[in-house]
Amino acid sequence: MKKEVMLLTGAGQIGVAIARRMGYGKKIIIGDKSLENALAAAKTMTEAGFDALPAEMDLASRTSILSVIDEAQKHGEITMLVNAAGVSPSQAPVEAILKVDLYGTAVLLEEAGKVIAPGGVGVTISSQSGHRMKQLTPEEDELLACTPAEELLSLDILQPENIRDTLHAYQLAKRCNEKRVMAESVKWGERGARLNSISPGIIVTPLALDELNGPRGDFYKNMFLKCPVGRPGTADEVANVAELLMSDRGAFITGADFLIDGGATASYFYGALRP
C-alpha cells in the first residue's frame with residue numbers, strides 16, 4: 001500500500017524531532033551518510049509507532065541523492081522534505097563543508113523540487129552563521145542563489161584563497177542555503193509546493209557538542225550565555241518552527257528563512273556579543 005512519503009536527510013536530533021512532529025501516517029525514508037545512524041533512527045521511530053525505513057545517502061553526491069529519491073518514490077508521492085544533513089566547522093575541512101553543506105543542499109533542493117507532490121512542502125536546516133557573516137553584494141547573492149549546482153564550487157567567492165577558515169566556509173554555505181531556498185521556492189511554487197529554511201543557533205545535539213568541545217568552544221559557550229534567552233536551544237524548539245512552516249498554518253510562507261537562535265545574532269550586532 002502506497003503512502004505519502006517524507007524524505008528525511010540527516011538522522012540527527014533536529015531532523016528526527018521534525019519527523020516525529022510531522023511524519024505520522026507517512027512512510028518516512030531516513031537517509032544518512034552513516035547507514036548505522038539511519039538504522040538507529042529508523043528503529044527508534046518504528047518502535048514509537050512510525051513507519052520509517054533507513055537508507056544510506058551521501059549529500060555530497062548527486063548520484064546518491066537521486067538513488068534515495070528513487071527509493072522514496074517506490075513507496076508513494078514525496079509530500080515532505082526535511083533536510084537536516086550537514087557537517088560543522090569542527091567536523092570537516094573547508095572542501096568538505098562546501099561540498100556537503102553548500103553543493104549537496106543545492107542538488108537536493110533541485111532534485112526534490114522536480115518530484116515534490118502538489119501541495120508538498122520542504123524545510124532545510126541552515127544556521128545562524130549565515131546571518132553573522134558580512135553582507136555580500138547583490139550580485140554575489142544572486143550567484144549563490146541561481147548558479148547551476150554543478151558550477152557552484154567554481155565561483156570565485158568559493159575559491160580557497162578567498163576563504164579564511166572552516167567557519168568562514170560554513171558561513172558561506174549557510175548563506176548559500178538561504179539564497180538557494182529563495183530561488184528554488186519559485187520553482188517549487190510552479191508545482192504548488194512550498195520551501196523554507198530554518199537557521200538555528202546553538203541547539204544541543206551531538207554536532208553542537210563537537211563545536212562546544214572544539215577549538216571555538218569558548219566562543220560558542222559565551223554566545224549562548226550572553227544571548228537574550230541565556231541558554232542553548234533544543235531540537236524540539238526547532239521542530240516547533242518546522243511544524244508551523246510545514247502545516248496549513250504556514251500556507252502563505254515560502255522562500256523564507258527563520259532565525260531561531262535565542263537572540264544571539266541580535267546580541268552579536270547590537271548587544272553584549274558585539275565584536
# chains A, B, ... in the order shown; residues from 1 in each chain; ligands from 1
$ residues_around --residues "range 41-49 of chain A" --least-positions-apart "3" --cutoff "10 Å" --atoms "only C-alpha atoms" --output "VMD selection string"
chain A and resid 10 to 13 15 to 16 19 to 20 23 to 25 28 to 32 35 to 38 52 to 55
$ select_by_dssp --residues "range 21-223 of chain A" --states "alpha helix (DSSP H)" --output "number ranges by chain"
A: 21-22, 35-47, 62-73, 94-97, 105-115, 129-132, 138-146, 166-189, 206-212, 217-223
$ closest_residue --among "A:Ala272, A:Leu172, A:Ala149, A:Leu7" --to "Lys134 in chain A" --atoms "only C-alpha atoms"
A:Leu172
$ residues_around --residues "range 244-253 of chain A" --least-positions-apart "2" --cutoff "10 Å" --atoms "only C-alpha atoms" --output "list in words"
Ile18, Met22, Met80, Leu81, Val82, Gly119, Gly120, Val121, Gly122, Val123, Ala193, Arg194, Leu195, Asn196, Ser197, Ile198, Ala239, Asn240, Val241, Ala242, Gly255, Ala256, Asp257 and Phe258 of chain A
$ residues_around --residues "range 102-104 of chain A" --least-positions-apart "3" --cutoff "8 Å" --atoms "only C-alpha atoms" --output "list in words"
Leu59, Ala60, Ser61, Arg62, Ile97, Leu98, Lys99, Val107, Leu108, Ala149, Glu150, Leu152, Leu153, Leu172, Ala173, Lys174, Cys176 and Asn177 of chain A
$ closest_residue --among "A:Asp101, A:Glu178, A:Glu4, A:Glu142" --to "Leu155 in chain A" --atoms "only C-alpha atoms"
A:Glu142
